[in-house]
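Heads up: the structure comes next, in structure tokens.
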Amino acid sequence: MSPQPLIVVEDLAKTFTLHNAESATIPVFERLDLEVSPGECVVLAGESGVGKSTLMRSIFGNYLPTRGSVRVLHDGAYVDITRALPHQVLDVRRRTLGYVSQFLRVIPRISTLQLTMEPLLENGVDAVEAQQRAEALLSALRLPRAHWDLPPATFSGGEQQRVNIARSFIRNYPVMLLDEPTASLDAENRAIVVTLIREALDRGAAMIGIFHDSDVRDAVATRLFGVSEFKAAA
Amino acid sequence: MTMATIERSPAQTAAGMGQESPLLRVSNLSKWYGHVVGCRDVSFELRAGEVLGIVGESGSGKTTLLNVISGRLPPTSGVVEFDASRFGLTDIYGLNEPDRRRMQREDWGFVHQNPRDGLRMRVSGGANVAEPLMNLGNRHYGKMRQATLEWLNRVELDTGRIDDKPRNFSGGMQQRIQVARNLIHGPRLVFMDEPTGGLDVSVQARLLDLLRELVRDLGLAVIIVTHDMAVARLMADRLIVMKSGYVVETGLTDQVLDDPQHPYSQLLVSSVLQI
């Protein structure tokens with residue numbers, strides 16, 4: 001018997017309506033179905049502008065789908081992200097559903113180590129353990145120790161990206177959405193991230209990813225999902 | 001342009017009502033100043049530990065709404081109910097004046113934009129922080145001094161300056177005194193009106209981080225009014241967008257900011273300058 005899927009997307013549609021541009025509408029996708037089971041890494045395929053990031057953000061609850069449902073297995077029960085109350089969505093994001101974007105968005109002037117510990121502190125992990133795990137992960141990502149006490153604002157793109165990855169992978173989320181997490185990394189650092197992804201898959205995480213470099217994609221994808229097949233009629 | 005409120009999902013309002021007792025329930029609240037509208041027909045609920053941001057441009061009714069909810073300005077119509085530790089879920093304007101004031105002192109805090117509105121400028125910073133404890137009947141000076149020192153530490157102020165008057169502190173430090181004064185008595189709900197509005201950006205970031213940490217550690221419910229979308233994004237779990245006294249959109253903070261549905265919210269978000 002196959003395990004329960006961790007993500008069930010059904011009949012999803014998204015159209016943007018721009019009220020301040022003469023109510024222009026931009027249809028993105030419709031009638032989209034997708035299931036992801038533990039240990040699977042589904043890589044979204046399709047050219048730029050086809051709606052990969054929009055799908056990802058709709059699953060995270062960052063965008064509001066026009067119709068359909070996104071159910072995520074949380075504490076043994078499915079929560080429909082598109083209809084849940086804000087505090088329920090936040091609880092799902094705190095404990096089940098992680099999102100790694102290309103950009104680091106944090107409060108300025110907070111040290112890298114603090115930023116990396118923060119997700120664990122939020123989940124009630126004590127400060128000593130949080131610090132140990134943060135240090136271990138920052139070391140694994142080869143972020144120089146001299147940087148740990150500094151805020152990441154002045155770091156290079158690749159270094160900021162690794163802080164972002166550390167903040168997301170530190171929680172061991174059961175479900176992860178990866179929106180080009182390796183975009184500004186060199187080959188060696190990409191390989192480290194591939195290892196992190198594989199470890200997460202081995203412990204049963206379900207993932208949906210967007211990767212532009214084919215070496216990462218080939219290394220982690222368990223299947224490809226063509227978003228263009230669900231293109232909405234304009 | 002439609003003025004109907006955009007709820008993020010039809011199920012939200014229904015599911016939010018009556019499921020478990022809210023900390024605060026606002027129903028059909030309106031405030032008119034003669035013929036001029038302050039806020040109209042506002043309804044929402046707040047849970048314990050939830051941070052709600054109220055955003056909108058100047059004159060949209062944010063501060064009026066905050067003042068009405070916080071018991072400082074009686075509404076023209078509508079009800080504000082709060083789960084007071086002494087009374088349970090109570091219509092706050094149904095209480096007599098002494099009871100309402102006692103509830104405000106025990107369960108609430110209010111951080112003003114201008115520290116001068118929230119501090120007593122003639123007494124020391126330490127006395128400002130300790131005063132809420134005295135107001136609740138504490139008379140043990142040693143314990144109050146200890147609590148004051150702890151709170152000065154917590155808001156990262158030099159405890160050696162406990163006897164200095166507020167005017168001898170910088171704006172950012174005054175704001176920290178005000179924060180300590182409003183948290184020392186263990187409130188369950190704190191109102192904040194543009195708490196970082198008058199500060200340099202460098203001071204603002206540290207204060208925001210401090211506020212966020214305190215809110216997390218203490219499990220506080222907060223209603224924060226701001227016109228700064230960056231502050232809203234960092235502090236609030238969910239947002240209420242106001243225009244001309246109406247709530248035009250509500251929902252999860254990042255959803256409202258990244259995928260606004262109402263024409264006015266779209267305008268508001270797209271008007272933010274990028275640096």
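Residues are named by chain letter and number: chains run A, B, ... in the order of the structure tokens, numbers start at 1 in each chain, and ligands are numbered from 1 in the order shown.
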
Name the residues of stretch 190-265 of chain B that come out as strand (DSSP E) in a backbone DSSP run; write them as a PyMOL selection string.
chain B and resi 190-193+221-225+238-243+246-252

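Counting only C-alpha atoms, B:Gly56 has the following residues at most 10 Å away, ignoring those fewer than 3 positions along the same chain: Gly59, Ser60, Gly61, Lys62, Val225, Thr226, His227, Asp228, Met229, Ile240, Val241, Met242, Lys243, Ser244, Gly245, Val247, Val248, Tyr264, Ser265 and Leu268 of chain B.
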
Written file, previous selection with N, CA and C atoms, as a PDB file, in the first residue's frame:
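Written output follows (again_25.pdb):
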```pdb
ATOM      1  N   GLY B  59      -5.684  59.069   7.336  1.00  0.00           N
ATOM      2  CA  GLY B  59      -7.086  59.437   7.175  1.00  0.00           C
ATOM      3  C   GLY B  59      -7.978  58.267   6.803  1.00  0.00           C
ATOM      4  N   SER B  60      -7.427  57.048   6.752  1.00  0.00           N
ATOM      5  CA  SER B  60      -8.252  55.905   6.359  1.00  0.00           C
ATOM      6  C   SER B  60      -9.058  55.354   7.536  1.00  0.00           C
ATOM      7  N   GLY B  61      -8.766  55.837   8.748  1.00  0.00           N
ATOM      8  CA  GLY B  61      -9.547  55.386   9.900  1.00  0.00           C
ATOM      9  C   GLY B  61      -8.812  54.425  10.808  1.00  0.00           C
ATOM     10  N   LYS B  62      -7.524  54.196  10.546  1.00  0.00           N
ATOM     11  CA  LYS B  62      -6.760  53.232  11.344  1.00  0.00           C
ATOM     12  C   LYS B  62      -6.735  53.617  12.819  1.00  0.00           C
ATOM     13  N   VAL B 225      -1.056  49.409  14.461  1.00  0.00           N
ATOM     14  CA  VAL B 225      -1.420  50.295  13.363  1.00  0.00           C
ATOM     15  C   VAL B 225      -0.152  50.802  12.709  1.00  0.00           C
ATOM     16  N   THR B 226      -0.057  50.694  11.404  1.00  0.00           N
ATOM     17  CA  THR B 226       1.118  51.230  10.720  1.00  0.00           C
ATOM     18  C   THR B 226       0.766  51.596   9.288  1.00  0.00           C
ATOM     19  N   HIS B 227       1.482  52.599   8.760  1.00  0.00           N
ATOM     20  CA  HIS B 227       1.319  52.878   7.335  1.00  0.00           C
ATOM     21  C   HIS B 227       2.519  52.321   6.575  1.00  0.00           C
ATOM     22  N   ASP B 228       3.436  51.680   7.307  1.00  0.00           N
ATOM     23  CA  ASP B 228       4.668  51.178   6.725  1.00  0.00           C
ATOM     24  C   ASP B 228       4.512  49.677   6.425  1.00  0.00           C
ATOM     25  N   MET B 229       4.461  49.350   5.127  1.00  0.00           N
ATOM     26  CA  MET B 229       4.199  47.962   4.731  1.00  0.00           C
ATOM     27  C   MET B 229       5.322  47.026   5.187  1.00  0.00           C
ATOM     28  N   ILE B 240      -5.465  43.905   8.216  1.00  0.00           N
ATOM     29  CA  ILE B 240      -6.715  44.545   7.842  1.00  0.00           C
ATOM     30  C   ILE B 240      -6.313  45.764   7.027  1.00  0.00           C
ATOM     31  N   VAL B 241      -6.848  45.885   5.807  1.00  0.00           N
ATOM     32  CA  VAL B 241      -6.556  47.054   4.976  1.00  0.00           C
ATOM     33  C   VAL B 241      -7.748  47.991   5.043  1.00  0.00           C
ATOM     34  N   MET B 242      -7.509  49.265   5.421  1.00  0.00           N
ATOM     35  CA  MET B 242      -8.608  50.222   5.557  1.00  0.00           C
ATOM     36  C   MET B 242      -8.532  51.311   4.506  1.00  0.00           C
ATOM     37  N   LYS B 243      -9.728  51.715   4.061  1.00  0.00           N
ATOM     38  CA  LYS B 243      -9.825  52.872   3.180  1.00  0.00           C
ATOM     39  C   LYS B 243     -11.134  53.584   3.472  1.00  0.00           C
ATOM     40  N   SER B 244     -11.075  54.896   3.639  1.00  0.00           N
ATOM     41  CA  SER B 244     -12.266  55.706   3.898  1.00  0.00           C
ATOM     42  C   SER B 244     -13.130  55.126   5.021  1.00  0.00           C
ATOM     43  N   GLY B 245     -12.496  54.590   6.047  1.00  0.00           N
ATOM     44  CA  GLY B 245     -13.241  54.085   7.194  1.00  0.00           C
ATOM     45  C   GLY B 245     -13.685  52.635   7.066  1.00  0.00           C
ATOM     46  N   VAL B 247     -13.102  48.536   6.101  1.00  0.00           N
ATOM     47  CA  VAL B 247     -12.119  47.480   5.897  1.00  0.00           C
ATOM     48  C   VAL B 247     -12.355  46.950   4.490  1.00  0.00           C
ATOM     49  N   VAL B 248     -11.361  47.084   3.599  1.00  0.00           N
ATOM     50  CA  VAL B 248     -11.569  46.627   2.220  1.00  0.00           C
ATOM     51  C   VAL B 248     -10.979  45.239   1.970  1.00  0.00           C
ATOM     52  N   TYR B 264      -7.837  48.911  -4.029  1.00  0.00           N
ATOM     53  CA  TYR B 264      -7.103  49.831  -3.166  1.00  0.00           C
ATOM     54  C   TYR B 264      -5.861  49.151  -2.568  1.00  0.00           C
ATOM     55  N   SER B 265      -5.987  47.885  -2.167  1.00  0.00           N
ATOM     56  CA  SER B 265      -4.815  47.169  -1.630  1.00  0.00           C
ATOM     57  C   SER B 265      -3.737  47.060  -2.700  1.00  0.00           C
ATOM     58  N   LEU B 268      -2.060  50.366  -2.905  1.00  0.00           N
ATOM     59  CA  LEU B 268      -1.241  50.594  -1.706  1.00  0.00           C
ATOM     60  C   LEU B 268       0.077  49.830  -1.802  1.00  0.00           C
TER      61      LEU B 268
END
```

Please identify all polymer residues within 10 Å of A:Arg223, counting only C-alpha atoms, omitting same-chain residues fewer than 5 positions from it, and present them as a list of chain:residue names.
A:Glu40, A:Cys41, A:Val42, A:Val43, A:Leu44, A:Ala45, A:Ile208, A:Arg217, A:Asp218

Selected residues, C-alpha atoms, written as a PDB file, in the first residue's frame, please.
```pdb
ATOM      1  CA  GLU A  40       9.167  12.273  -3.818  1.00  0.00           C
ATOM      2  CA  CYS A  41      10.776  15.337  -5.337  1.00  0.00           C
ATOM      3  CA  VAL A  42       8.562  16.676  -8.105  1.00  0.00           C
ATOM      4  CA  VAL A  43      10.364  19.174 -10.305  1.00  0.00           C
ATOM      5  CA  LEU A  44       8.204  21.725 -12.084  1.00  0.00           C
ATOM      6  CA  ALA A  45       9.084  21.964 -15.742  1.00  0.00           C
ATOM      7  CA  ILE A 208       8.256  20.349  -5.082  1.00  0.00           C
ATOM      8  CA  ARG A 217      17.524  18.735 -11.297  1.00  0.00           C
ATOM      9  CA  ASP A 218      18.856  15.389 -12.499  1.00  0.00           C
TER      10      ASP A 218
END
```

Where does DSSP see helix (DSSP H, G or I) in stretch 33-192 of chain A, if you list the residues as a compact mmCIF listing (two decimals) with N, CA and C atoms, in the first residue's frame?
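Below is the file that was written, out_9.txt:
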```
# COMPACT_ATOMS: atom_id res chain seq x y z
N LYS A 52 5.35 28.43 -12.96
CA LYS A 52 5.93 27.52 -11.96
C LYS A 52 5.95 28.16 -10.57
N SER A 53 6.47 29.39 -10.51
CA SER A 53 6.53 30.07 -9.21
C SER A 53 5.14 30.40 -8.69
N THR A 54 4.23 30.73 -9.61
CA THR A 54 2.86 31.03 -9.18
C THR A 54 2.22 29.80 -8.55
N LEU A 55 2.48 28.63 -9.14
CA LEU A 55 1.96 27.39 -8.56
C LEU A 55 2.55 27.16 -7.17
N MET A 56 3.85 27.33 -7.09
CA MET A 56 4.54 27.14 -5.81
C MET A 56 3.97 28.06 -4.74
N ARG A 57 3.80 29.33 -5.09
CA ARG A 57 3.30 30.31 -4.12
C ARG A 57 1.83 30.05 -3.77
N SER A 58 1.08 29.51 -4.72
CA SER A 58 -0.32 29.16 -4.43
C SER A 58 -0.38 28.00 -3.45
N ILE A 59 0.57 27.07 -3.58
CA ILE A 59 0.59 25.93 -2.65
C ILE A 59 0.99 26.39 -1.25
N PHE A 60 1.89 27.38 -1.19
CA PHE A 60 2.36 27.89 0.11
C PHE A 60 1.31 28.77 0.78
N PRO A 86 -5.92 32.30 8.88
CA PRO A 86 -4.51 32.71 8.93
C PRO A 86 -3.69 31.97 9.99
N HIS A 87 -4.23 31.81 11.20
CA HIS A 87 -3.40 31.18 12.23
C HIS A 87 -3.16 29.70 11.93
N GLN A 88 -4.12 29.08 11.19
CA GLN A 88 -3.91 27.67 10.80
C GLN A 88 -2.81 27.56 9.74
N VAL A 89 -2.86 28.48 8.76
CA VAL A 89 -1.83 28.48 7.71
C VAL A 89 -0.46 28.69 8.36
N LEU A 90 -0.38 29.62 9.31
CA LEU A 90 0.91 29.90 9.96
C LEU A 90 1.40 28.68 10.74
N ASP A 91 0.47 27.96 11.35
CA ASP A 91 0.88 26.76 12.09
C ASP A 91 1.40 25.68 11.13
N VAL A 92 0.73 25.54 9.99
CA VAL A 92 1.20 24.58 8.98
C VAL A 92 2.60 24.98 8.50
N ARG A 93 2.81 26.28 8.28
CA ARG A 93 4.11 26.75 7.82
C ARG A 93 5.19 26.60 8.90
N ARG A 94 4.78 26.69 10.15
CA ARG A 94 5.76 26.60 11.23
C ARG A 94 6.25 25.17 11.39
N ARG A 95 5.37 24.20 11.17
CA ARG A 95 5.74 22.83 11.51
C ARG A 95 5.77 21.86 10.35
N THR A 112 23.78 36.42 11.48
CA THR A 112 23.49 35.23 10.70
C THR A 112 23.15 34.04 11.61
N LEU A 113 23.91 33.89 12.69
CA LEU A 113 23.64 32.78 13.60
C LEU A 113 22.25 32.91 14.23
N GLN A 114 21.92 34.12 14.69
CA GLN A 114 20.59 34.36 15.27
C GLN A 114 19.49 34.04 14.25
N LEU A 115 19.69 34.52 13.02
CA LEU A 115 18.68 34.29 11.98
C LEU A 115 18.48 32.81 11.72
N THR A 116 19.58 32.04 11.79
CA THR A 116 19.49 30.62 11.50
C THR A 116 18.82 29.87 12.66
N MET A 117 19.06 30.36 13.88
CA MET A 117 18.44 29.73 15.07
C MET A 117 16.95 30.03 15.17
N GLU A 118 16.57 31.19 14.64
CA GLU A 118 15.22 31.71 14.86
C GLU A 118 14.09 30.71 14.59
N PRO A 119 14.12 29.99 13.45
CA PRO A 119 13.02 29.06 13.20
C PRO A 119 12.88 28.00 14.29
N LEU A 120 14.01 27.57 14.86
CA LEU A 120 13.93 26.57 15.92
C LEU A 120 13.39 27.18 17.20
N LEU A 121 13.83 28.40 17.53
CA LEU A 121 13.34 29.07 18.73
C LEU A 121 11.83 29.25 18.63
N GLU A 122 11.37 29.58 17.42
CA GLU A 122 9.94 29.75 17.18
C GLU A 122 9.18 28.45 17.48
N ALA A 127 17.56 27.35 23.45
CA ALA A 127 18.57 28.16 22.77
C ALA A 127 19.88 27.41 22.55
N VAL A 128 20.27 26.57 23.52
CA VAL A 128 21.55 25.85 23.39
C VAL A 128 21.50 24.87 22.22
N GLU A 129 20.42 24.09 22.17
CA GLU A 129 20.30 23.12 21.08
C GLU A 129 20.16 23.85 19.74
N ALA A 130 19.38 24.92 19.73
CA ALA A 130 19.18 25.69 18.50
C ALA A 130 20.53 26.18 17.98
N GLN A 131 21.36 26.67 18.88
CA GLN A 131 22.65 27.20 18.45
C GLN A 131 23.55 26.09 17.89
N GLN A 132 23.54 24.93 18.57
CA GLN A 132 24.35 23.81 18.08
C GLN A 132 23.94 23.40 16.68
N ARG A 133 22.63 23.28 16.49
CA ARG A 133 22.15 22.84 15.17
C ARG A 133 22.42 23.90 14.10
N ALA A 134 22.28 25.17 14.48
CA ALA A 134 22.54 26.25 13.52
C ALA A 134 24.01 26.25 13.12
N GLU A 135 24.90 26.07 14.11
CA GLU A 135 26.34 26.07 13.81
C GLU A 135 26.71 24.89 12.91
N ALA A 136 26.11 23.73 13.21
CA ALA A 136 26.41 22.55 12.41
C ALA A 136 25.99 22.75 10.95
N LEU A 137 24.81 23.36 10.77
CA LEU A 137 24.30 23.54 9.41
C LEU A 137 25.10 24.61 8.66
N LEU A 138 25.43 25.70 9.34
CA LEU A 138 26.23 26.74 8.69
C LEU A 138 27.61 26.20 8.32
N SER A 139 28.16 25.32 9.16
CA SER A 139 29.44 24.69 8.83
C SER A 139 29.29 23.80 7.61
N ALA A 140 28.22 22.98 7.61
CA ALA A 140 27.99 22.07 6.48
C ALA A 140 27.86 22.86 5.18
N ARG A 145 33.10 30.86 9.47
CA ARG A 145 32.76 31.13 10.86
C ARG A 145 32.82 32.62 11.19
N ALA A 146 33.73 33.33 10.52
CA ALA A 146 33.88 34.76 10.77
C ALA A 146 32.61 35.54 10.39
N HIS A 147 31.76 34.93 9.56
CA HIS A 147 30.53 35.60 9.12
C HIS A 147 29.36 35.42 10.10
N PRO A 152 23.55 39.30 7.39
CA PRO A 152 23.89 38.89 6.02
C PRO A 152 23.74 39.97 4.95
N ALA A 153 23.32 41.19 5.35
CA ALA A 153 23.03 42.21 4.34
C ALA A 153 24.19 42.45 3.37
N THR A 154 25.43 42.39 3.89
CA THR A 154 26.59 42.71 3.04
C THR A 154 27.20 41.47 2.40
N GLY A 157 25.70 37.22 -3.00
CA GLY A 157 24.44 36.55 -3.32
C GLY A 157 24.45 35.09 -2.89
N GLY A 158 25.57 34.41 -3.19
CA GLY A 158 25.66 32.99 -2.85
C GLY A 158 25.66 32.75 -1.34
N GLU A 159 26.29 33.67 -0.60
CA GLU A 159 26.33 33.52 0.86
C GLU A 159 24.94 33.76 1.46
N GLN A 160 24.26 34.78 0.96
CA GLN A 160 22.90 35.05 1.44
C GLN A 160 22.00 33.85 1.15
N GLN A 161 22.18 33.30 -0.05
CA GLN A 161 21.38 32.14 -0.44
C GLN A 161 21.59 30.98 0.53
N ARG A 162 22.83 30.80 0.98
CA ARG A 162 23.11 29.69 1.89
C ARG A 162 22.52 29.95 3.28
N VAL A 163 22.47 31.22 3.71
CA VAL A 163 21.81 31.54 4.98
C VAL A 163 20.33 31.18 4.85
N ASN A 164 19.77 31.52 3.70
CA ASN A 164 18.37 31.22 3.43
C ASN A 164 18.10 29.72 3.49
N ILE A 165 18.99 28.94 2.89
CA ILE A 165 18.86 27.49 2.88
C ILE A 165 18.98 26.94 4.30
N ALA A 166 19.93 27.49 5.06
CA ALA A 166 20.11 27.04 6.45
C ALA A 166 18.85 27.29 7.25
N ARG A 167 18.25 28.47 7.08
CA ARG A 167 17.04 28.81 7.83
C ARG A 167 15.88 27.86 7.51
N SER A 168 15.87 27.35 6.29
CA SER A 168 14.76 26.47 5.89
C SER A 168 15.02 25.02 6.26
N PHE A 169 16.26 24.55 6.03
CA PHE A 169 16.54 23.14 6.26
C PHE A 169 16.71 22.81 7.74
N ALA A 187 29.37 25.25 -8.13
CA ALA A 187 29.16 23.80 -8.25
C ALA A 187 29.32 23.08 -6.92
N GLU A 188 30.34 23.48 -6.16
CA GLU A 188 30.59 22.80 -4.89
C GLU A 188 29.44 22.99 -3.91
N ASN A 189 28.95 24.23 -3.83
CA ASN A 189 27.85 24.51 -2.91
C ASN A 189 26.54 23.88 -3.40
N ARG A 190 26.38 23.81 -4.72
CA ARG A 190 25.19 23.13 -5.24
C ARG A 190 25.19 21.67 -4.80
N ALA A 191 26.37 21.07 -4.81
CA ALA A 191 26.47 19.65 -4.42
C ALA A 191 26.08 19.48 -2.95
N ILE A 192 26.44 20.46 -2.12
CA ILE A 192 26.07 20.38 -0.70
C ILE A 192 24.56 20.45 -0.54
```

Counting only C-alpha atoms, which residues in chain B sit no more than 10 Å from chain A? For each one, give the nearest pair of atoms and the distance in Å, sorted by chain then residue number, as JSON lines.
```
{"residue": "B:Met1", "atom": "CA", "partner": "A:His19", "partner_atom": "CA", "distance": 9.4}
{"residue": "B:Arg8", "atom": "CA", "partner": "A:Leu64", "partner_atom": "CA", "distance": 7.6}
{"residue": "B:Ser9", "atom": "CA", "partner": "A:Arg83", "partner_atom": "CA", "distance": 5.4}
{"residue": "B:Pro10", "atom": "CA", "partner": "A:Arg83", "partner_atom": "CA", "distance": 7.6}
{"residue": "B:Ala11", "atom": "CA", "partner": "A:Arg83", "partner_atom": "CA", "distance": 6.2}
{"residue": "B:Gln12", "atom": "CA", "partner": "A:Leu85", "partner_atom": "CA", "distance": 5.6}
{"residue": "B:Thr13", "atom": "CA", "partner": "A:Leu85", "partner_atom": "CA", "distance": 8.6}
{"residue": "B:Ala15", "atom": "CA", "partner": "A:Leu85", "partner_atom": "CA", "distance": 7.8}
{"residue": "B:Gly16", "atom": "CA", "partner": "A:Leu85", "partner_atom": "CA", "distance": 7.3}
{"residue": "B:Arg47", "atom": "CA", "partner": "A:His87", "partner_atom": "CA", "distance": 8.7}
{"residue": "B:Gly49", "atom": "CA", "partner": "A:His87", "partner_atom": "CA", "distance": 9.7}
{"residue": "B:Glu50", "atom": "CA", "partner": "A:His87", "partner_atom": "CA", "distance": 7.6}
{"residue": "B:Val51", "atom": "CA", "partner": "A:His87", "partner_atom": "CA", "distance": 9.8}
{"residue": "B:Val201", "atom": "CA", "partner": "A:Pro108", "partner_atom": "CA", "distance": 10.0}
{"residue": "B:Ser202", "atom": "CA", "partner": "A:Arg109", "partner_atom": "CA", "distance": 8.6}
{"residue": "B:Gln204", "atom": "CA", "partner": "A:Pro108", "partner_atom": "CA", "distance": 9.7}
{"residue": "B:Ala205", "atom": "CA", "partner": "A:Pro108", "partner_atom": "CA", "distance": 6.2}
{"residue": "B:Arg206", "atom": "CA", "partner": "A:Arg109", "partner_atom": "CA", "distance": 7.3}
{"residue": "B:Leu208", "atom": "CA", "partner": "A:Ile107", "partner_atom": "CA", "distance": 8.1}
{"residue": "B:Asp209", "atom": "CA", "partner": "A:Ile107", "partner_atom": "CA", "distance": 6.9}
{"residue": "B:Glu213", "atom": "CA", "partner": "A:Glu122", "partner_atom": "CA", "distance": 9.5}
{"residue": "B:Arg216", "atom": "CA", "partner": "A:Glu122", "partner_atom": "CA", "distance": 7.4}
{"residue": "B:Asp217", "atom": "CA", "partner": "A:Glu122", "partner_atom": "CA", "distance": 8.8}
{"residue": "B:Ala230", "atom": "CA", "partner": "A:Ile107", "partner_atom": "CA", "distance": 9.6}
{"residue": "B:Val231", "atom": "CA", "partner": "A:Ile107", "partner_atom": "CA", "distance": 9.7}
{"residue": "B:Leu234", "atom": "CA", "partner": "A:Ile107", "partner_atom": "CA", "distance": 7.3}
{"residue": "B:Asp237", "atom": "CA", "partner": "A:Pro86", "partner_atom": "CA", "distance": 7.3}
{"residue": "B:Arg238", "atom": "CA", "partner": "A:Pro86", "partner_atom": "CA", "distance": 6.6}
{"residue": "B:Leu239", "atom": "CA", "partner": "A:Pro86", "partner_atom": "CA", "distance": 9.7}
{"residue": "B:Thr250", "atom": "CA", "partner": "A:Pro86", "partner_atom": "CA", "distance": 9.9}
{"residue": "B:Gly251", "atom": "CA", "partner": "A:Pro86", "partner_atom": "CA", "distance": 6.6}
{"residue": "B:Leu252", "atom": "CA", "partner": "A:Pro86", "partner_atom": "CA", "distance": 5.1}
{"residue": "B:Thr253", "atom": "CA", "partner": "A:Pro86", "partner_atom": "CA", "distance": 8.4}
{"residue": "B:Asp254", "atom": "CA", "partner": "A:Asn62", "partner_atom": "CA", "distance": 5.9}
{"residue": "B:Gln255", "atom": "CA", "partner": "A:Asn62", "partner_atom": "CA", "distance": 4.6}
{"residue": "B:Val256", "atom": "CA", "partner": "A:Asn62", "partner_atom": "CA", "distance": 8.4}
{"residue": "B:Leu257", "atom": "CA", "partner": "A:Asn62", "partner_atom": "CA", "distance": 8.9}
{"residue": "B:Asp258", "atom": "CA", "partner": "A:Asn62", "partner_atom": "CA", "distance": 6.8}
{"residue": "B:Asp259", "atom": "CA", "partner": "A:Tyr63", "partner_atom": "CA", "distance": 5.4}
{"residue": "B:Pro260", "atom": "CA", "partner": "A:Tyr63", "partner_atom": "CA", "distance": 8.6}
{"residue": "B:Gln261", "atom": "CA", "partner": "A:Thr17", "partner_atom": "CA", "distance": 7.7}
{"residue": "B:His262", "atom": "CA", "partner": "A:His19", "partner_atom": "CA", "distance": 7.6}
{"residue": "B:Pro263", "atom": "CA", "partner": "A:His19", "partner_atom": "CA", "distance": 5.1}
{"residue": "B:Tyr264", "atom": "CA", "partner": "A:His19", "partner_atom": "CA", "distance": 8.5}
{"residue": "B:Ser265", "atom": "CA", "partner": "A:His19", "partner_atom": "CA", "distance": 9.8}
{"residue": "B:Gln266", "atom": "CA", "partner": "A:His19", "partner_atom": "CA", "distance": 7.4}
{"residue": "B:Leu267", "atom": "CA", "partner": "A:Asn20", "partner_atom": "CA", "distance": 6.9}
{"residue": "B:Ser270", "atom": "CA", "partner": "A:Asn20", "partner_atom": "CA", "distance": 9.7}
```

For C-alpha atoms, I'd like the residues from the last selection saved as a short mmCIF file (atom, residue, chain, number, x, y, z; two decimals), in the first residue's frame.
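Output (result.cif):
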```
data_model
loop_
_atom_site.label_atom_id
_atom_site.label_comp_id
_atom_site.auth_asym_id
_atom_site.auth_seq_id
_atom_site.Cartn_x
_atom_site.Cartn_y
_atom_site.Cartn_z
CA MET B 1 -15.04 50.63 -7.16
CA ARG B 8 -9.65 35.61 1.78
CA SER B 9 -12.05 32.68 1.79
CA PRO B 10 -15.77 32.30 2.35
CA ALA B 11 -15.09 29.75 5.08
CA GLN B 12 -12.91 32.10 7.11
CA THR B 13 -15.50 34.22 8.79
CA ALA B 15 -15.05 29.11 10.83
CA GLY B 16 -13.54 31.88 12.90
CA ARG B 47 -7.06 35.10 19.10
CA GLY B 49 -1.09 35.33 20.73
CA GLU B 50 -2.14 36.68 17.33
CA VAL B 51 -0.57 39.81 15.83
CA VAL B 201 15.62 53.54 10.40
CA SER B 202 18.71 52.25 12.20
CA GLN B 204 13.70 51.16 13.99
CA ALA B 205 15.18 47.81 12.92
CA ARG B 206 16.50 47.00 16.42
CA LEU B 208 11.21 45.93 15.62
CA ASP B 209 13.38 42.92 16.32
CA GLU B 213 11.09 38.72 20.15
CA ARG B 216 7.02 35.60 20.58
CA ASP B 217 8.40 34.92 24.07
CA ALA B 230 7.65 46.71 5.73
CA VAL B 231 6.74 46.99 9.43
CA LEU B 234 7.72 41.87 9.74
CA ASP B 237 0.39 37.53 11.24
CA ARG B 238 -2.55 38.98 9.38
CA LEU B 239 -3.68 42.33 8.06
CA THR B 250 -8.33 41.10 5.34
CA GLY B 251 -6.09 38.04 5.33
CA LEU B 252 -2.71 36.46 5.95
CA THR B 253 -0.05 39.19 5.85
CA ASP B 254 2.12 37.89 3.03
CA GLN B 255 -0.93 36.98 0.96
CA VAL B 256 -2.40 40.48 1.26
CA LEU B 257 0.97 42.07 0.42
CA ASP B 258 2.04 39.69 -2.38
CA ASP B 259 -1.34 38.95 -3.96
CA PRO B 260 -3.67 41.82 -2.99
CA GLN B 261 -7.20 41.40 -4.33
CA HIS B 262 -8.92 44.73 -3.74
CA PRO B 263 -8.13 47.65 -6.09
CA TYR B 264 -7.10 49.83 -3.17
CA SER B 265 -4.81 47.17 -1.63
CA GLN B 266 -3.20 46.70 -5.05
CA LEU B 267 -2.59 50.44 -5.25
CA SER B 270 2.34 48.86 -5.65
#
```
